[in-house]
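**Q** So that we are looking at the same thing, I have put the structure below in structure tokens.
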Amino acid sequence: MTTVGILGGGQLARMLALSGAPLGLRFLVMDTVADACAGQFAPMIVGDWRDERALSEFASKIDVATFDFENVPAESAQWLAERVPVFPSPRALAVAQDRLAEKTLFRELGIPVPPFSAIDSREGLDAALATIGTPCILKTRRLGYDGKGQFRLKSLADADAAWDALGGQARTVGLILEGFVAFDKEVSVVGVRGRDGEFRAWPLTQNWHVDGVLSASLAPAPVSQELEDKAIAHARALADALDYVGVFALELFCRDGELLANELAPRVHNSGHWTIEGSETSQFQNHLRAVLGLPLGATRMVGEACMLNWIGTMPDPNAVLAEPGGHWHDYGKEARAGRKVGHATLRANTPQELAQTLARVGKKLGRESQVEPVIAALR
Ligand code: ATP
Ligand code: MG
Ligand code: MG
């Protein structure tokens, strides 16, 4: 019996555990809080990431470790890797944890990126503003997620406000200034690389964010084959360079047919949740296969798919469950503003049918504004 240890016990760990059951796997989750939602399906160890006693207990009970949470301290991941196999590697994790390191690697690999500059002082911010210009975004280098730790500057007059908001973190998590990309689309490549280096990617996904948080994902993204091939080639180059093992997502902006890389998520990703019902093998199943050294499953789609995120509170499931291609995911979390509490995936045979399904569900739930941009993209 193989036990997979997962660092972090959120919905990603929960969906990994659910998808691993048919493989006969057992799971052990470690999290810093006792009510983490994966704990409803898997035994859990509660402890701080730097708590050596908790980490030792975790290591002693598992055969392999992986992540639901990308911000586990790199030293803790390294400590664990000296005791059990850890995938992705602590090195890949460390690169993806730091926006400066990941953007530097993108550039070295010839993957285009928006202009960026590390910022460590107020004078440094002024100097970077002079070269990057406005609009731009000041971000924390580490620990940001769901658009947290970011300040958008429309003009140079916003520099004081940006520094007031984030300057205090320049010495702790570090800061980076990035040019603002007036993108016409956001897309992501969800890819998987096995222990033997085999690489596969799911069809490109188009994503819509509201206030920095993912709201909807559509696959396949309505883009040219050439653009899709280029995005997947970038993802593959990145995975090879990091000797990456497992599933990851590469987020990209698309502007006038050009791709600019935003960030790398070193784990299963929200923009890949549609793969549970919309593809031959889900991202969760393939992640487990990759970290266990098993053959990878096919990533082809089985229909057109759209995922809608539920943020804050769960809507009434009936509108989705009444649809022939409607699938419901409730993470079993308490409602809280801004929190990802569940999602739905709608699947159909044609883009037209998917657009009609989305229109019905959006209307019944009073969430027209969430489905409207997806319907427009399907036209
Ligand atoms: P995630 O939850 O995806 O990990 P995050 O907090 O790491 O989010 P980003 O992905 O960098 O943050 O930014 C969140 C969203 O903000 C992006 O998906 C995009 O919509 C917008 N955004 C971020 N950086 C830029 C940029 N340079 N130009 C334009 N929009 C941007
Ligand atoms: Mg991120
Ligand atoms: Mg992102």
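Labels for the structure tokens follow display order: chains A, B, ..., residues from 1 in each chain, ligands from 1.
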Throw together the list of residues within 9 Å of ligand 2, counting only C-alpha atoms and all ligand atoms, and drop it here as a VMD selection string.
**A** chain A and resid 70 96 to 97 99 143 to 147 251 262 to 265
**Q** Show me which residues line ligand 1, defined as having an atom within 10 Å of a ligand atom where only C-alpha atoms and all ligand atoms count, and present them as a compact mmCIF listing (two decimals) with C-alpha atoms, in the first residue's frame.
**A**
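Written file, part17.txt:
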```
# COMPACT_ATOMS: atom_id res chain seq x y z
CA GLU A 70 3.40 26.19 -3.14
CA GLN A 97 8.07 30.71 -5.18
CA ARG A 99 8.57 35.99 -9.05
CA VAL A 113 7.92 38.30 -20.32
CA PRO A 114 6.63 41.80 -19.50
CA PRO A 115 9.42 44.19 -18.46
CA PHE A 116 10.30 43.67 -14.77
CA PRO A 135 0.72 51.55 -16.08
CA CYS A 136 2.55 48.90 -14.07
CA ILE A 137 2.10 46.61 -11.07
CA LEU A 138 4.17 46.43 -7.90
CA LYS A 139 4.03 42.87 -6.49
CA THR A 140 5.54 41.02 -3.57
CA ARG A 141 8.12 38.55 -4.90
CA ARG A 142 7.01 35.79 -2.55
CA LEU A 143 3.83 34.54 -0.86
CA GLY A 144 1.29 36.34 -3.09
CA TYR A 145 -1.77 34.45 -4.36
CA ASP A 146 -5.23 35.32 -5.71
CA GLY A 147 -3.93 38.81 -6.55
CA LYS A 148 -2.92 39.54 -2.93
CA GLY A 149 0.25 41.57 -2.35
CA GLN A 150 -0.18 43.64 -5.52
CA PHE A 151 -0.60 47.36 -6.17
CA ARG A 152 -1.51 48.74 -9.59
CA LEU A 177 7.77 45.96 -10.51
CA GLU A 178 6.19 44.64 -13.71
CA GLY A 179 4.89 46.41 -16.78
CA PHE A 180 1.10 46.18 -17.09
CA VAL A 181 0.07 44.07 -20.07
CA ALA A 182 -3.07 45.25 -21.87
CA PHE A 183 -3.84 41.65 -22.82
CA LYS A 185 -6.75 37.09 -23.40
CA GLU A 186 -5.29 35.23 -20.45
CA VAL A 187 -4.45 31.59 -21.04
CA SER A 188 -2.73 28.80 -19.17
CA ASN A 207 -9.06 32.22 -18.05
CA TRP A 208 -11.02 35.18 -16.69
CA HIS A 209 -10.09 36.83 -13.41
CA VAL A 210 -12.20 39.16 -11.25
CA ASP A 211 -10.29 41.27 -8.70
CA GLY A 212 -7.20 39.09 -9.29
CA VAL A 213 -9.08 35.82 -8.55
CA LEU A 214 -9.89 33.19 -11.19
CA ALA A 249 0.49 25.50 -14.83
CA LEU A 250 2.15 28.22 -16.87
CA GLU A 251 0.01 31.38 -16.92
CA LEU A 252 0.40 33.56 -20.01
CA PHE A 253 -0.97 36.83 -21.32
CA LEU A 260 4.00 36.91 -22.45
CA ALA A 261 4.57 34.63 -19.45
CA ASN A 262 3.11 35.68 -16.11
CA GLU A 263 3.85 32.95 -13.60
CA LEU A 264 4.46 29.29 -12.95
CA ALA A 265 2.30 27.39 -10.45
CA HIS A 269 -3.99 24.39 -10.78
CA ASN A 270 -7.45 25.94 -10.58
CA SER A 271 -7.45 26.48 -14.37
```
**Q** By how many Å are atom CA of Gln169 of chain A and atom CA of Ala74 of chain A apart?
**A**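 Atom CA of Gln169 of chain A sits 19.0 Å away from atom CA of Ala74 of chain A.
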**Q** Give me the residues near Gly194 of chain A as a list of chain:residue names, where near means some atom within 12 Å (using only C-alpha atoms) and where sequence neighbours in that chain fewer than 5 positions away do not count.
**A**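 Returned residues: A:Phe87, A:Pro88, A:Phe199, A:Arg200, A:Ala201, A:Arg236, A:Ala239, A:Asp240, A:Asp243, A:Tyr244, A:Val245, A:Gly246, A:Val247, A:Phe248, A:Asn286, A:His287, A:Leu288, A:Arg289, A:Ala290, A:Val291, A:Leu292, A:Gly293, A:Leu294, A:Pro295, A:Leu296, A:Gly297.
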**Q** Which is closest to Arg171 of chain A among A:Ala355, A:Ala118, A:Arg107, A:Pro317, if we use only C-alpha atoms?
**A**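 Closest residue, counting only C-alpha atoms: A:Ala118.
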**Q** List every residue of segment 14-111 of chain A that DSSP, applied to the backbone of this structure, assigns to helix (DSSP H, G or I), and report them as JSON, numbers by chain.
**A** {"A": [14, 15, 16, 17, 18, 19, 20, 21, 22, 23, 37, 38, 39, 40, 52, 53, 54, 55, 56, 57, 58, 59, 60, 74, 75, 76, 77, 78, 79, 80, 81, 90, 91, 92, 93, 94, 95, 96, 97, 99, 100, 101, 102, 103, 104, 105, 106, 107, 108]}
**Q** Using DSSP on the backbone coordinates, identify the residues of segment 109-280 of chain A assigned to strand (DSSP E or B); present them as a PDB file with N, CA and C atoms, in the first residue's frame.
**A**
```pdb
ATOM      1  N   PHE A 116      10.380  43.793 -16.232  1.00  0.00           N
ATOM      2  CA  PHE A 116      10.300  43.667 -14.770  1.00  0.00           C
ATOM      3  C   PHE A 116      11.608  44.107 -14.143  1.00  0.00           C
ATOM      4  N   SER A 117      11.525  44.457 -12.867  1.00  0.00           N
ATOM      5  CA  SER A 117      12.720  44.871 -12.150  1.00  0.00           C
ATOM      6  C   SER A 117      12.522  44.603 -10.660  1.00  0.00           C
ATOM      7  N   ALA A 118      13.551  44.049 -10.005  1.00  0.00           N
ATOM      8  CA  ALA A 118      13.487  43.851  -8.555  1.00  0.00           C
ATOM      9  C   ALA A 118      13.572  45.221  -7.895  1.00  0.00           C
ATOM     10  N   ILE A 119      12.816  45.398  -6.801  1.00  0.00           N
ATOM     11  CA  ILE A 119      12.777  46.690  -6.107  1.00  0.00           C
ATOM     12  C   ILE A 119      13.184  46.467  -4.661  1.00  0.00           C
ATOM     13  N   CYS A 136       1.718  50.027 -14.489  1.00  0.00           N
ATOM     14  CA  CYS A 136       2.554  48.903 -14.070  1.00  0.00           C
ATOM     15  C   CYS A 136       2.003  48.347 -12.761  1.00  0.00           C
ATOM     16  N   ILE A 137       2.574  47.239 -12.312  1.00  0.00           N
ATOM     17  CA  ILE A 137       2.095  46.608 -11.069  1.00  0.00           C
ATOM     18  C   ILE A 137       3.281  46.336 -10.157  1.00  0.00           C
ATOM     19  N   LEU A 138       3.175  46.778  -8.918  1.00  0.00           N
ATOM     20  CA  LEU A 138       4.165  46.431  -7.901  1.00  0.00           C
ATOM     21  C   LEU A 138       3.635  45.186  -7.187  1.00  0.00           C
ATOM     22  N   LYS A 139       4.469  44.129  -7.116  1.00  0.00           N
ATOM     23  CA  LYS A 139       4.027  42.870  -6.489  1.00  0.00           C
ATOM     24  C   LYS A 139       5.055  42.416  -5.466  1.00  0.00           C
ATOM     25  N   THR A 140       4.581  41.687  -4.459  1.00  0.00           N
ATOM     26  CA  THR A 140       5.542  41.017  -3.574  1.00  0.00           C
ATOM     27  C   THR A 140       6.155  39.878  -4.394  1.00  0.00           C
ATOM     28  N   GLN A 150      -0.410  42.940  -4.250  1.00  0.00           N
ATOM     29  CA  GLN A 150      -0.178  43.642  -5.520  1.00  0.00           C
ATOM     30  C   GLN A 150      -0.754  45.054  -5.441  1.00  0.00           C
ATOM     31  N   PHE A 151      -0.096  45.990  -6.098  1.00  0.00           N
ATOM     32  CA  PHE A 151      -0.602  47.364  -6.173  1.00  0.00           C
ATOM     33  C   PHE A 151      -0.445  47.857  -7.605  1.00  0.00           C
ATOM     34  N   ARG A 152      -1.546  48.277  -8.192  1.00  0.00           N
ATOM     35  CA  ARG A 152      -1.508  48.741  -9.589  1.00  0.00           C
ATOM     36  C   ARG A 152      -1.267  50.238  -9.645  1.00  0.00           C
ATOM     37  N   LEU A 153      -0.287  50.653 -10.431  1.00  0.00           N
ATOM     38  CA  LEU A 153       0.027  52.079 -10.581  1.00  0.00           C
ATOM     39  C   LEU A 153      -0.435  52.549 -11.961  1.00  0.00           C
ATOM     40  N   LEU A 175      10.207  42.749  -3.417  1.00  0.00           N
ATOM     41  CA  LEU A 175       9.222  43.349  -4.324  1.00  0.00           C
ATOM     42  C   LEU A 175       9.738  43.294  -5.763  1.00  0.00           C
ATOM     43  N   ILE A 176       8.788  43.314  -6.689  1.00  0.00           N
ATOM     44  CA  ILE A 176       9.125  43.345  -8.115  1.00  0.00           C
ATOM     45  C   ILE A 176       8.143  44.297  -8.793  1.00  0.00           C
ATOM     46  N   LEU A 177       8.655  45.095  -9.724  1.00  0.00           N
ATOM     47  CA  LEU A 177       7.769  45.964 -10.510  1.00  0.00           C
ATOM     48  C   LEU A 177       7.653  45.357 -11.904  1.00  0.00           C
ATOM     49  N   GLU A 178       6.416  45.240 -12.391  1.00  0.00           N
ATOM     50  CA  GLU A 178       6.190  44.643 -13.714  1.00  0.00           C
ATOM     51  C   GLU A 178       5.389  45.595 -14.585  1.00  0.00           C
ATOM     52  N   GLY A 179       5.708  45.651 -15.845  1.00  0.00           N
ATOM     53  CA  GLY A 179       4.895  46.411 -16.785  1.00  0.00           C
ATOM     54  C   GLY A 179       3.502  45.815 -16.857  1.00  0.00           C
ATOM     55  N   LYS A 185      -6.333  38.365 -24.006  1.00  0.00           N
ATOM     56  CA  LYS A 185      -6.748  37.092 -23.397  1.00  0.00           C
ATOM     57  C   LYS A 185      -5.727  36.689 -22.345  1.00  0.00           C
ATOM     58  N   GLU A 186      -6.209  35.934 -21.344  1.00  0.00           N
ATOM     59  CA  GLU A 186      -5.292  35.232 -20.448  1.00  0.00           C
ATOM     60  C   GLU A 186      -5.486  33.755 -20.693  1.00  0.00           C
ATOM     61  N   VAL A 187      -4.379  33.033 -20.807  1.00  0.00           N
ATOM     62  CA  VAL A 187      -4.453  31.594 -21.044  1.00  0.00           C
ATOM     63  C   VAL A 187      -3.496  30.880 -20.086  1.00  0.00           C
ATOM     64  N   SER A 188      -3.697  29.581 -19.948  1.00  0.00           N
ATOM     65  CA  SER A 188      -2.730  28.797 -19.171  1.00  0.00           C
ATOM     66  C   SER A 188      -2.505  27.459 -19.843  1.00  0.00           C
ATOM     67  N   VAL A 189      -1.270  27.005 -19.720  1.00  0.00           N
ATOM     68  CA  VAL A 189      -0.943  25.641 -20.126  1.00  0.00           C
ATOM     69  C   VAL A 189      -0.895  24.828 -18.842  1.00  0.00           C
ATOM     70  N   VAL A 190      -1.730  23.809 -18.746  1.00  0.00           N
ATOM     71  CA  VAL A 190      -1.598  22.857 -17.650  1.00  0.00           C
ATOM     72  C   VAL A 190      -0.859  21.670 -18.256  1.00  0.00           C
ATOM     73  N   GLY A 191       0.306  21.386 -17.702  1.00  0.00           N
ATOM     74  CA  GLY A 191       1.160  20.343 -18.266  1.00  0.00           C
ATOM     75  C   GLY A 191       1.569  19.356 -17.193  1.00  0.00           C
ATOM     76  N   VAL A 192       2.087  18.221 -17.635  1.00  0.00           N
ATOM     77  CA  VAL A 192       2.576  17.214 -16.688  1.00  0.00           C
ATOM     78  C   VAL A 192       3.849  16.605 -17.246  1.00  0.00           C
ATOM     79  N   ARG A 193       4.815  16.384 -16.358  1.00  0.00           N
ATOM     80  CA  ARG A 193       6.060  15.738 -16.776  1.00  0.00           C
ATOM     81  C   ARG A 193       6.323  14.591 -15.818  1.00  0.00           C
ATOM     82  N   PHE A 199       6.511  14.250 -21.357  1.00  0.00           N
ATOM     83  CA  PHE A 199       5.753  15.484 -21.161  1.00  0.00           C
ATOM     84  C   PHE A 199       4.416  15.413 -21.896  1.00  0.00           C
ATOM     85  N   ARG A 200       3.373  15.865 -21.240  1.00  0.00           N
ATOM     86  CA  ARG A 200       2.065  16.009 -21.910  1.00  0.00           C
ATOM     87  C   ARG A 200       1.420  17.299 -21.434  1.00  0.00           C
ATOM     88  N   ALA A 201       0.568  17.863 -22.291  1.00  0.00           N
ATOM     89  CA  ALA A 201      -0.176  19.064 -21.884  1.00  0.00           C
ATOM     90  C   ALA A 201      -1.630  18.887 -22.279  1.00  0.00           C
ATOM     91  N   THR A 205      -6.077  26.525 -22.054  1.00  0.00           N
ATOM     92  CA  THR A 205      -7.268  26.994 -21.334  1.00  0.00           C
ATOM     93  C   THR A 205      -7.296  28.517 -21.324  1.00  0.00           C
ATOM     94  N   GLN A 206      -8.456  29.111 -21.589  1.00  0.00           N
ATOM     95  CA  GLN A 206      -8.589  30.568 -21.448  1.00  0.00           C
ATOM     96  C   GLN A 206      -9.184  30.866 -20.081  1.00  0.00           C
ATOM     97  N   ASN A 207      -8.654  31.901 -19.424  1.00  0.00           N
ATOM     98  CA  ASN A 207      -9.059  32.217 -18.052  1.00  0.00           C
ATOM     99  C   ASN A 207      -9.542  33.655 -17.908  1.00  0.00           C
ATOM    100  N   TRP A 208     -10.526  33.845 -17.029  1.00  0.00           N
ATOM    101  CA  TRP A 208     -11.016  35.180 -16.694  1.00  0.00           C
ATOM    102  C   TRP A 208     -10.866  35.387 -15.191  1.00  0.00           C
ATOM    103  N   HIS A 209     -10.277  36.507 -14.816  1.00  0.00           N
ATOM    104  CA  HIS A 209     -10.091  36.832 -13.405  1.00  0.00           C
ATOM    105  C   HIS A 209     -10.976  38.014 -13.026  1.00  0.00           C
ATOM    106  N   VAL A 210     -11.467  38.010 -11.790  1.00  0.00           N
ATOM    107  CA  VAL A 210     -12.197  39.159 -11.245  1.00  0.00           C
ATOM    108  C   VAL A 210     -11.487  39.547  -9.953  1.00  0.00           C
ATOM    109  N   VAL A 213      -8.745  37.214  -8.875  1.00  0.00           N
ATOM    110  CA  VAL A 213      -9.079  35.818  -8.548  1.00  0.00           C
ATOM    111  C   VAL A 213      -9.724  35.150  -9.764  1.00  0.00           C
ATOM    112  N   LEU A 214      -9.322  33.912 -10.048  1.00  0.00           N
ATOM    113  CA  LEU A 214      -9.886  33.194 -11.189  1.00  0.00           C
ATOM    114  C   LEU A 214     -11.400  33.070 -11.035  1.00  0.00           C
ATOM    115  N   SER A 215     -12.114  33.409 -12.106  1.00  0.00           N
ATOM    116  CA  SER A 215     -13.568  33.348 -12.081  1.00  0.00           C
ATOM    117  C   SER A 215     -14.090  32.238 -12.993  1.00  0.00           C
ATOM    118  N   ALA A 216     -13.494  32.125 -14.205  1.00  0.00           N
ATOM    119  CA  ALA A 216     -13.955  31.114 -15.161  1.00  0.00           C
ATOM    120  C   ALA A 216     -12.802  30.651 -16.036  1.00  0.00           C
ATOM    121  N   SER A 217     -12.875  29.377 -16.454  1.00  0.00           N
ATOM    122  CA  SER A 217     -11.887  28.809 -17.376  1.00  0.00           C
ATOM    123  C   SER A 217     -12.623  28.082 -18.483  1.00  0.00           C
ATOM    124  N   LEU A 218     -12.110  28.215 -19.712  1.00  0.00           N
ATOM    125  CA  LEU A 218     -12.730  27.591 -20.885  1.00  0.00           C
ATOM    126  C   LEU A 218     -11.688  26.786 -21.641  1.00  0.00           C
ATOM    127  N   ALA A 219     -12.043  25.533 -21.970  1.00  0.00           N
ATOM    128  CA  ALA A 219     -11.126  24.708 -22.755  1.00  0.00           C
ATOM    129  C   ALA A 219     -11.919  23.938 -23.820  1.00  0.00           C
ATOM    130  N   GLY A 246       5.592  16.118 -12.187  1.00  0.00           N
ATOM    131  CA  GLY A 246       4.244  16.383 -11.689  1.00  0.00           C
ATOM    132  C   GLY A 246       3.515  17.351 -12.615  1.00  0.00           C
ATOM    133  N   VAL A 247       2.360  17.799 -12.141  1.00  0.00           N
ATOM    134  CA  VAL A 247       1.556  18.759 -12.916  1.00  0.00           C
ATOM    135  C   VAL A 247       1.951  20.176 -12.521  1.00  0.00           C
ATOM    136  N   PHE A 248       1.890  21.081 -13.478  1.00  0.00           N
ATOM    137  CA  PHE A 248       2.149  22.501 -13.210  1.00  0.00           C
ATOM    138  C   PHE A 248       1.288  23.311 -14.174  1.00  0.00           C
ATOM    139  N   ALA A 249       1.174  24.612 -13.880  1.00  0.00           N
ATOM    140  CA  ALA A 249       0.493  25.501 -14.827  1.00  0.00           C
ATOM    141  C   ALA A 249       1.407  26.668 -15.157  1.00  0.00           C
ATOM    142  N   LEU A 250       1.457  27.018 -16.425  1.00  0.00           N
ATOM    143  CA  LEU A 250       2.147  28.223 -16.875  1.00  0.00           C
ATOM    144  C   LEU A 250       1.076  29.209 -17.299  1.00  0.00           C
ATOM    145  N   GLU A 251       0.995  30.347 -16.590  1.00  0.00           N
ATOM    146  CA  GLU A 251       0.005  31.384 -16.921  1.00  0.00           C
ATOM    147  C   GLU A 251       0.632  32.358 -17.898  1.00  0.00           C
ATOM    148  N   LEU A 252      -0.113  32.675 -18.957  1.00  0.00           N
ATOM    149  CA  LEU A 252       0.401  33.556 -20.011  1.00  0.00           C
ATOM    150  C   LEU A 252      -0.626  34.621 -20.370  1.00  0.00           C
ATOM    151  N   PHE A 253      -0.118  35.803 -20.734  1.00  0.00           N
ATOM    152  CA  PHE A 253      -0.970  36.832 -21.317  1.00  0.00           C
ATOM    153  C   PHE A 253      -0.833  36.713 -22.828  1.00  0.00           C
ATOM    154  N   CYS A 254      -1.936  36.984 -23.529  1.00  0.00           N
ATOM    155  CA  CYS A 254      -1.914  36.958 -24.976  1.00  0.00           C
ATOM    156  C   CYS A 254      -2.294  38.365 -25.459  1.00  0.00           C
ATOM    157  N   ARG A 255      -1.386  38.989 -26.211  1.00  0.00           N
ATOM    158  CA  ARG A 255      -1.616  40.354 -26.696  1.00  0.00           C
ATOM    159  C   ARG A 255      -1.237  40.416 -28.162  1.00  0.00           C
ATOM    160  N   GLU A 258       0.768  37.702 -29.526  1.00  0.00           N
ATOM    161  CA  GLU A 258       2.037  37.415 -28.831  1.00  0.00           C
ATOM    162  C   GLU A 258       1.727  36.853 -27.448  1.00  0.00           C
ATOM    163  N   LEU A 259       2.621  35.998 -26.969  1.00  0.00           N
ATOM    164  CA  LEU A 259       2.465  35.444 -25.619  1.00  0.00           C
ATOM    165  C   LEU A 259       3.501  36.046 -24.685  1.00  0.00           C
ATOM    166  N   LEU A 260       3.079  36.417 -23.477  1.00  0.00           N
ATOM    167  CA  LEU A 260       4.002  36.907 -22.447  1.00  0.00           C
ATOM    168  C   LEU A 260       3.730  36.095 -21.188  1.00  0.00           C
ATOM    169  N   ALA A 261       4.772  35.505 -20.619  1.00  0.00           N
ATOM    170  CA  ALA A 261       4.570  34.632 -19.454  1.00  0.00           C
ATOM    171  C   ALA A 261       4.339  35.455 -18.195  1.00  0.00           C
ATOM    172  N   ASN A 262       3.382  35.020 -17.384  1.00  0.00           N
ATOM    173  CA  ASN A 262       3.111  35.684 -16.108  1.00  0.00           C
ATOM    174  C   ASN A 262       3.734  34.920 -14.944  1.00  0.00           C
ATOM    175  N   GLU A 263       3.265  33.691 -14.720  1.00  0.00           N
ATOM    176  CA  GLU A 263       3.851  32.950 -13.600  1.00  0.00           C
ATOM    177  C   GLU A 263       3.691  31.461 -13.778  1.00  0.00           C
ATOM    178  N   LEU A 264       4.468  30.746 -12.963  1.00  0.00           N
ATOM    179  CA  LEU A 264       4.460  29.287 -12.948  1.00  0.00           C
ATOM    180  C   LEU A 264       3.867  28.831 -11.619  1.00  0.00           C
ATOM    181  N   ALA A 265       2.848  27.985 -11.678  1.00  0.00           N
ATOM    182  CA  ALA A 265       2.298  27.392 -10.445  1.00  0.00           C
ATOM    183  C   ALA A 265       2.809  25.953 -10.370  1.00  0.00           C
ATOM    184  N   SER A 279     -11.655  15.813 -19.651  1.00  0.00           N
ATOM    185  CA  SER A 279     -10.580  15.180 -20.409  1.00  0.00           C
ATOM    186  C   SER A 279     -10.440  13.717 -20.016  1.00  0.00           C
TER     187      SER A 279
END
```
**Q** To one decimal place, how far is atom CA of Glu280 of chain A from atom CA of Thr299 of chain A in Å?
**A**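 Separation of atom CA of Glu280 of chain A and atom CA of Thr299 of chain A: 5.8 Å.
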**Q** Do you have the atom CA of Lys340 of chain A-atom CA of Phe27 of chain A distance handy?
**A**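 Here the two named atoms are 22.5 Å from each other.
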**Q** I'd like the neighbourhood of Gly39 of chain A as an MDAnalysis selection string, where a residue qualifies if any of its atoms comes within 8 Å (using only C-alpha atoms), though same-chain residues fewer than 6 positions away should be ignored.
**A** chainID A and resid 9 14 29
**Q** Take the selection from the previous step and output its residues with C-alpha atoms, as an mmCIF file, in the first residue's frame.
**A**
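Result went into out38.cif, see below:
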```cif
data_model
loop_
_atom_site.group_PDB
_atom_site.id
_atom_site.type_symbol
_atom_site.label_atom_id
_atom_site.label_comp_id
_atom_site.auth_asym_id
_atom_site.auth_seq_id
_atom_site.Cartn_x
_atom_site.Cartn_y
_atom_site.Cartn_z
ATOM 1 C CA GLY A 9 -4.657 20.378 2.936
ATOM 2 C CA ARG A 14 -8.786 17.017 -1.385
ATOM 3 C CA VAL A 29 -2.030 15.472 4.593
#
```
**Q** Which is closer to Gly10 of chain A than all the others in A:Arg122, A:Lys363, A:Lys333, A:Lys154, using only C-alpha atoms?
**A**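 With only C-alpha atoms as the atom set, the closest residue is A:Lys333.
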**Q** Using only C-alpha atoms, pick whichever of A:Ala337, A:Gln78, A:Gln40, A:Trp202 has the shortest atom-to-atom distance to Ser282 of chain A.
**A**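 Smallest distance to Ser282 of chain A is found for A:Trp202.
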**Q** I'd like to know which of A:Glu75, A:Pro266, A:Ala59, A:Ala376 is closest to ligand 3, using only C-alpha atoms and all ligand atoms.
**A**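 Ranked by minimum distance to ligand 3, first place goes to A:Pro266.
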**Q** What lies within 10 Å of Gly24 of chain A using only C-alpha atoms, ignoring chain neighbours under 4 positions off, as a list in words?
**A**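 The filter keeps Met1, Thr2, Thr3, Ser19 and Gly20 of chain A.
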**Q** Quick one: write out the picked residues with C-alpha atoms as a PDB file, in the first residue's frame?
**A**
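The result, written out as result20.pdb:
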```
ATOM      1  CA  MET A   1       0.000   0.000   0.000  1.00  0.00           C
ATOM      2  CA  THR A   2       1.512   3.315  -1.104  1.00  0.00           C
ATOM      3  CA  THR A   3       0.932   6.441   0.972  1.00  0.00           C
ATOM      4  CA  SER A  19      -8.683  10.982  -7.685  1.00  0.00           C
ATOM      5  CA  GLY A  20      -6.099   8.680  -6.103  1.00  0.00           C
TER       6      GLY A  20
END
```
**Q** Rank A:Pro324, A:Gly366, A:Gly110, A:Gly47 by their smallest atom-to-atom distance to Ala235 of chain A, using only C-alpha atoms, and report the top residue only.
**A**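 Going through A:Pro324, A:Gly366, A:Gly110, A:Gly47 one by one, the smallest distance to Ala235 of chain A is for A:Gly110.
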